[in-house]
>>> print(open('work.pdb').read())   # PDB, C-alpha atoms
ATOM      1  CA  MET A 891     114.465  80.166  71.322  1.00  0.00           C
ATOM      2  CA  PRO A 892     112.436  83.275  72.219  1.00  0.00           C
ATOM      3  CA  LYS A 893     110.845  83.338  75.597  1.00  0.00           C
ATOM      4  CA  PRO A 894     108.518  85.639  77.508  1.00  0.00           C
ATOM      5  CA  LEU A 895     110.358  87.629  80.131  1.00  0.00           C
ATOM      6  CA  PRO A 896     109.287  87.249  83.750  1.00  0.00           C
ATOM      7  CA  VAL A 897     106.102  89.100  84.548  1.00  0.00           C
ATOM      8  CA  LYS A 898     106.510  92.094  86.825  1.00  0.00           C
ATOM      9  CA  PRO A 899     104.426  92.229  90.015  1.00  0.00           C
ATOM     10  CA  ALA A 900     101.052  93.917  89.529  1.00  0.00           C
ATOM     11  CA  GLU A 901     102.166  97.207  91.072  1.00  0.00           C
ATOM     12  CA  GLU A 902     105.051  97.434  88.596  1.00  0.00           C
ATOM     13  CA  ALA A 903     103.349  95.958  85.543  1.00  0.00           C
ATOM     14  CA  SER A 904     102.763  98.263  82.607  1.00  0.00           C
ATOM     15  CA  THR A 905      99.013  97.986  82.387  1.00  0.00           C
ATOM     16  CA  GLN A 906      96.321 100.579  81.994  1.00  0.00           C
ATOM     17  CA  SER A 907      92.653  99.927  82.536  1.00  0.00           C
ATOM     18  CA  GLU A 908      90.194 101.677  80.257  1.00  0.00           C
ATOM     19  CA  VAL A 909      87.542 101.881  82.938  1.00  0.00           C
ATOM     20  CA  SER A 910      86.976 104.944  85.057  1.00  0.00           C
ATOM     21  CA  SER A 911      88.985 105.133  88.230  1.00  0.00           C
ATOM     22  CA  ALA A 912      86.372 107.261  90.000  1.00  0.00           C
ATOM     23  CA  PRO A 913      85.645 106.205  93.571  1.00  0.00           C
ATOM     24  CA  PRO A 914      82.453 104.183  94.091  1.00  0.00           C
ATOM     25  CA  PRO A 915      79.340 106.240  94.928  1.00  0.00           C
ATOM     26  CA  GLU A 916      78.649 106.706  98.603  1.00  0.00           C
ATOM     27  CA  SER A 917      75.744 104.916 100.207  1.00  0.00           C
ATOM     28  CA  ALA A 918      72.487 106.880 100.325  1.00  0.00           C
ATOM     29  CA  SER A 919      72.302 106.204 104.039  1.00  0.00           C
ATOM     30  CA  ALA A 920      75.348 105.944 106.242  1.00  0.00           C
ATOM     31  CA  ALA A 921      73.420 104.412 109.132  1.00  0.00           C
ATOM     32  CA  ARG A 922      71.246 101.316 109.395  1.00  0.00           C
ATOM     33  CA  PRO A 923      67.595 101.680 110.398  1.00  0.00           C
ATOM     34  CA  ASP A 924      68.461 100.153 113.804  1.00  0.00           C
ATOM     35  CA  GLY A 925      70.895 103.004 114.501  1.00  0.00           C
ATOM     36  CA  GLY A 926      74.092 101.014 113.842  1.00  0.00           C
ATOM     37  CA  ALA A 927      76.700 102.070 111.316  1.00  0.00           C
ATOM     38  CA  ALA A 928      76.334 100.619 107.827  1.00  0.00           C
ATOM     39  CA  SER A 929      79.201  98.511 106.605  1.00  0.00           C
ATOM     40  CA  ALA A 930      80.355  98.989 103.039  1.00  0.00           C
ATOM     41  CA  PRO A 931      80.022  95.943 100.804  1.00  0.00           C
ATOM     42  CA  ALA A 932      83.321  94.264 100.029  1.00  0.00           C
ATOM     43  CA  VAL A 933      84.516  95.135  96.533  1.00  0.00           C
ATOM     44  CA  PRO A 934      86.776  92.593  94.867  1.00  0.00           C
ATOM     45  CA  PRO A 935      90.218  94.019  94.067  1.00  0.00           C
ATOM     46  CA  SER A 936      91.231  95.063  90.570  1.00  0.00           C
ATOM     47  CA  THR A 937      93.737  92.911  88.725  1.00  0.00           C
ATOM     48  CA  PRO A 938      95.776  93.597  85.569  1.00  0.00           C
ATOM     49  CA  ALA A 939      95.533  91.530  82.398  1.00  0.00           C
ATOM     50  CA  ASN A 940      97.793  88.485  82.457  1.00  0.00           C
ATOM     51  CA  PHE A 941      99.420  86.462  79.689  1.00  0.00           C
ATOM     52  CA  SER A 942     101.455  84.048  81.796  1.00  0.00           C
ATOM     53  CA  ALA A 943      98.782  81.861  83.371  1.00  0.00           C
ATOM     54  CA  ASN A 944      99.955  78.268  82.952  1.00  0.00           C
ATOM     55  CA  TYR A 945      96.701  77.000  81.479  1.00  0.00           C
ATOM     56  CA  LEU A 946      96.717  79.469  78.566  1.00  0.00           C
ATOM     57  CA  HIS A 947      99.419  77.562  76.638  1.00  0.00           C
ATOM     58  CA  ASN A 948     100.478  80.608  74.628  1.00  0.00           C
ATOM     59  CA  PRO A 949     103.188  79.563  72.146  1.00  0.00           C
ATOM     60  CA  VAL A 950     106.527  81.328  72.013  1.00  0.00           C
ATOM     61  CA  PRO A 951     107.253  83.169  68.762  1.00  0.00           C
ATOM     62  CA  GLU A 952     109.110  81.269  66.071  1.00  0.00           C
ATOM     63  CA  TYR A 953     112.773  82.235  65.871  1.00  0.00           C
ATOM     64  CA  PRO A 954     113.150  82.959  62.134  1.00  0.00           C
ATOM     65  CA  ALA A 955     115.843  80.801  60.521  1.00  0.00           C
ATOM     66  CA  PHE A 956     117.429  83.789  58.781  1.00  0.00           C
ATOM     67  CA  ALA A 957     117.685  85.649  62.092  1.00  0.00           C
ATOM     68  CA  LYS A 958     119.317  82.606  63.718  1.00  0.00           C
ATOM     69  CA  LYS A 959     121.786  82.310  60.842  1.00  0.00           C
ATOM     70  CA  GLN A 960     122.662  85.996  61.259  1.00  0.00           C
ATOM     71  CA  ARG A 961     122.845  85.447  65.046  1.00  0.00           C
ATOM     72  CA  TRP A 962     120.371  88.281  65.624  1.00  0.00           C
ATOM     73  CA  GLN A 963     119.008  88.630  69.131  1.00  0.00           C
ATOM     74  CA  GLY A 964     116.914  91.213  70.897  1.00  0.00           C
ATOM     75  CA  LYS A 965     114.018  92.092  73.145  1.00  0.00           C
ATOM     76  CA  VAL A 966     110.630  93.060  71.683  1.00  0.00           C
ATOM     77  CA  MET A 967     108.115  94.991  73.771  1.00  0.00           C
ATOM     78  CA  LEU A 968     104.515  94.711  72.567  1.00  0.00           C
ATOM     79  CA  LYS A 969     101.579  96.760  73.793  1.00  0.00           C
ATOM     80  CA  VAL A 970      98.412  94.647  73.735  1.00  0.00           C
ATOM     81  CA  HIS A 971      94.813  95.802  74.127  1.00  0.00           C
ATOM     82  CA  VAL A 972      93.099  92.885  75.876  1.00  0.00           C
ATOM     83  CA  LEU A 973      89.311  92.613  75.631  1.00  0.00           C
ATOM     84  CA  PRO A 974      87.148  91.377  78.539  1.00  0.00           C
ATOM     85  CA  THR A 975      86.981  88.041  76.672  1.00  0.00           C
ATOM     86  CA  GLY A 976      90.769  87.659  76.960  1.00  0.00           C
ATOM     87  CA  LEU A 977      91.314  88.111  73.215  1.00  0.00           C
ATOM     88  CA  PRO A 978      93.813  90.678  71.938  1.00  0.00           C
ATOM     89  CA  ALA A 979      92.020  93.472  70.061  1.00  0.00           C
ATOM     90  CA  GLU A 980      95.206  95.321  69.087  1.00  0.00           C
ATOM     91  CA  VAL A 981      98.874  94.409  69.235  1.00  0.00           C
ATOM     92  CA  GLU A 982     101.347  97.258  68.757  1.00  0.00           C
ATOM     93  CA  LEU A 983     105.124  97.415  68.715  1.00  0.00           C
ATOM     94  CA  GLN A 984     106.185  99.470  71.739  1.00  0.00           C
ATOM     95  CA  ALA A 985     109.945  98.820  71.452  1.00  0.00           C
ATOM     96  CA  SER A 986     111.772  97.074  68.629  1.00  0.00           C
ATOM     97  CA  SER A 987     114.376  94.352  68.980  1.00  0.00           C
ATOM     98  CA  GLY A 988     116.336  96.196  66.307  1.00  0.00           C
ATOM     99  CA  HIS A 989     115.410  93.564  63.704  1.00  0.00           C
ATOM    100  CA  ASP A 990     112.135  93.742  61.756  1.00  0.00           C
ATOM    101  CA  ILE A 991     112.028  89.968  61.246  1.00  0.00           C
ATOM    102  CA  LEU A 992     112.088  89.337  65.024  1.00  0.00           C
ATOM    103  CA  ASP A 993     109.524  92.070  65.669  1.00  0.00           C
ATOM    104  CA  GLU A 994     107.147  90.596  63.059  1.00  0.00           C
ATOM    105  CA  SER A 995     107.484  87.083  64.490  1.00  0.00           C
ATOM    106  CA  ALA A 996     106.562  88.410  67.944  1.00  0.00           C
ATOM    107  CA  LEU A 997     103.618  90.463  66.601  1.00  0.00           C
ATOM    108  CA  GLU A 998     102.167  87.560  64.598  1.00  0.00           C
ATOM    109  CA  THR A 999     102.391  85.167  67.534  1.00  0.00           C
ATOM    110  CA  VAL A1000     100.931  87.436  70.229  1.00  0.00           C
ATOM    111  CA  ARG A1001      97.953  88.253  67.981  1.00  0.00           C
ATOM    112  CA  ARG A1002      96.956  84.579  68.472  1.00  0.00           C
ATOM    113  CA  TRP A1003      97.491  84.535  72.241  1.00  0.00           C
ATOM    114  CA  ARG A1004      94.780  84.353  74.873  1.00  0.00           C
ATOM    115  CA  PHE A1005      94.948  86.432  78.031  1.00  0.00           C
ATOM    116  CA  VAL A1006      93.383  86.433  81.460  1.00  0.00           C
ATOM    117  CA  PRO A1007      91.541  89.774  81.259  1.00  0.00           C
ATOM    118  CA  ALA A1008      91.960  92.553  83.780  1.00  0.00           C
ATOM    119  CA  THR A1009      89.222  92.852  86.374  1.00  0.00           C
ATOM    120  CA  LYS A1010      87.706  95.768  88.203  1.00  0.00           C
ATOM    121  CA  GLY A1011      85.250  95.126  90.993  1.00  0.00           C
ATOM    122  CA  GLY A1012      85.195  91.436  90.098  1.00  0.00           C
ATOM    123  CA  LYS A1013      84.173  92.076  86.477  1.00  0.00           C
ATOM    124  CA  ALA A1014      86.374  91.515  83.400  1.00  0.00           C
ATOM    125  CA  VAL A1015      87.338  94.777  81.700  1.00  0.00           C
ATOM    126  CA  ALA A1016      89.353  95.843  78.662  1.00  0.00           C
ATOM    127  CA  SER A1017      92.894  96.981  79.421  1.00  0.00           C
ATOM    128  CA  TRP A1018      96.357  97.388  77.953  1.00  0.00           C
ATOM    129  CA  VAL A1019      99.292  95.194  78.941  1.00  0.00           C
ATOM    130  CA  VAL A1020     102.934  95.270  77.856  1.00  0.00           C
ATOM    131  CA  VAL A1021     104.303  91.902  76.775  1.00  0.00           C
ATOM    132  CA  PRO A1022     108.113  91.555  76.735  1.00  0.00           C
ATOM    133  CA  LEU A1023     109.586  88.845  74.507  1.00  0.00           C
ATOM    134  CA  GLU A1024     113.269  88.046  74.216  1.00  0.00           C
ATOM    135  CA  PHE A1025     114.929  86.349  71.272  1.00  0.00           C
ATOM    136  CA  SER A1026     118.127  84.813  72.578  1.00  0.00           C
ATOM    137  CA  LEU A1027     120.438  82.205  71.075  1.00  0.00           C
ATOM    138  CA  THR A1028     121.873  81.277  74.475  1.00  0.00           C
ATOM    139  CA  HIS A1029     118.645  80.064  76.151  1.00  0.00           C
TER
END
>>> encode(input="work.pdb", output="structure tokens")
Amino acid sequence: MPKPLPVKPAEEASTQSEVSSAPPPESASAARPDGGAASAPAVPPSTPANFSANYLHNPVPEYPAFAKKQRWQGKVMLKVHVLPTGLPAEVELQASSGHDILDESALETVRRWRFVPATKGGKAVASWVVVPLEFSLTH
């Protein structure tokens, strides 16, 4: 049965945000009217898109019967453009399993998945995420 591979920690995950990474604009006034230093407002951290949240219930790809009969196995890497709504806008094959039938099963399934969108400054943004899927007869 195919299964998603463990998700890498955020700093290692293969995600790219489409939003600008320019630093936030500086405050017009660095000091408060009472002479004290102004404190910068807290900006929520950015997070990458996520497909492994437990409540999403994303199905694993079907293991094609012909591929099982042939004992074909492999890892498929898909590059997914996730919209701020959590829906996949594009799903591309980044690395093949070596078997078209396994790649197609993974592509068809992930196109129906729902994602937790990436965030930047507390707001959902479009981003790319790499989804690894492994077809293995031993698991």
>>> resolve_selection(input="work.pdb", expression="the PyMOL selection byres ((chain A and resi 936) around 10)", output="number ranges by chain")
A: 900, 907, 933-935, 937-939, 1008-1015
>>> closest_residue(input="work.pdb", among="A:Thr1028, A:Leu946, A:Trp1018, A:Pro1007", to="Leu977 of chain A", atoms="all atoms listed in the file")
A:Pro1007
>>> atom_distance(input="work.pdb", atom1="atom CA of Thr975 of chain A", atom2="atom CA of Arg1001 of chain A")
14.0 Å
>>> residues_around(input="work.pdb", residues="Leu983 of chain A", least_positions_apart="3", cutoff="12 Å", atoms="only C-alpha atoms", output="list of chain:residue names")
A:Lys965, A:Val966, A:Met967, A:Leu968, A:Lys969, A:Val970, A:His971, A:Glu980, A:Ser986, A:Ser987, A:Gly988, A:Asp990, A:Leu992, A:Asp993, A:Glu994, A:Ser995, A:Ala996, A:Leu997, A:Glu998, A:Val1000, A:Arg1001, A:Val1019, A:Val1020, A:Val1021, A:Pro1022, A:Leu1023
>>> atom_distance(input="work.pdb", atom1="atom CA of Ser1017 of chain A", atom2="atom CA of Pro974 of chain A")
8.1 Å
>>> closest_residue(input="work.pdb", among="A:Pro949, A:Pro978, A:Pro954, A:Gly964", to="Arg1004 of chain A", atoms="all atoms listed in the file")
A:Pro978
>>> atom_distance(input="work.pdb", atom1="atom CA of Ser1026 of chain A", atom2="atom CA of Val972 of chain A")
26.5 Å
>>> resolve_selection(input="work.pdb", expression="the PyMOL selection byres ((chain A and resi 953) around 8)", output="VMD selection string")
chain A and resid 891 to 892 951 to 952 954 to 955 957 to 958 992 995 1025
>>> closest_residue(input="work.pdb", among="A:Ile991, A:Val981, A:His1029, A:Asn948", to="Gln960 of chain A", atoms="all atoms listed in the file")
A:Ile991
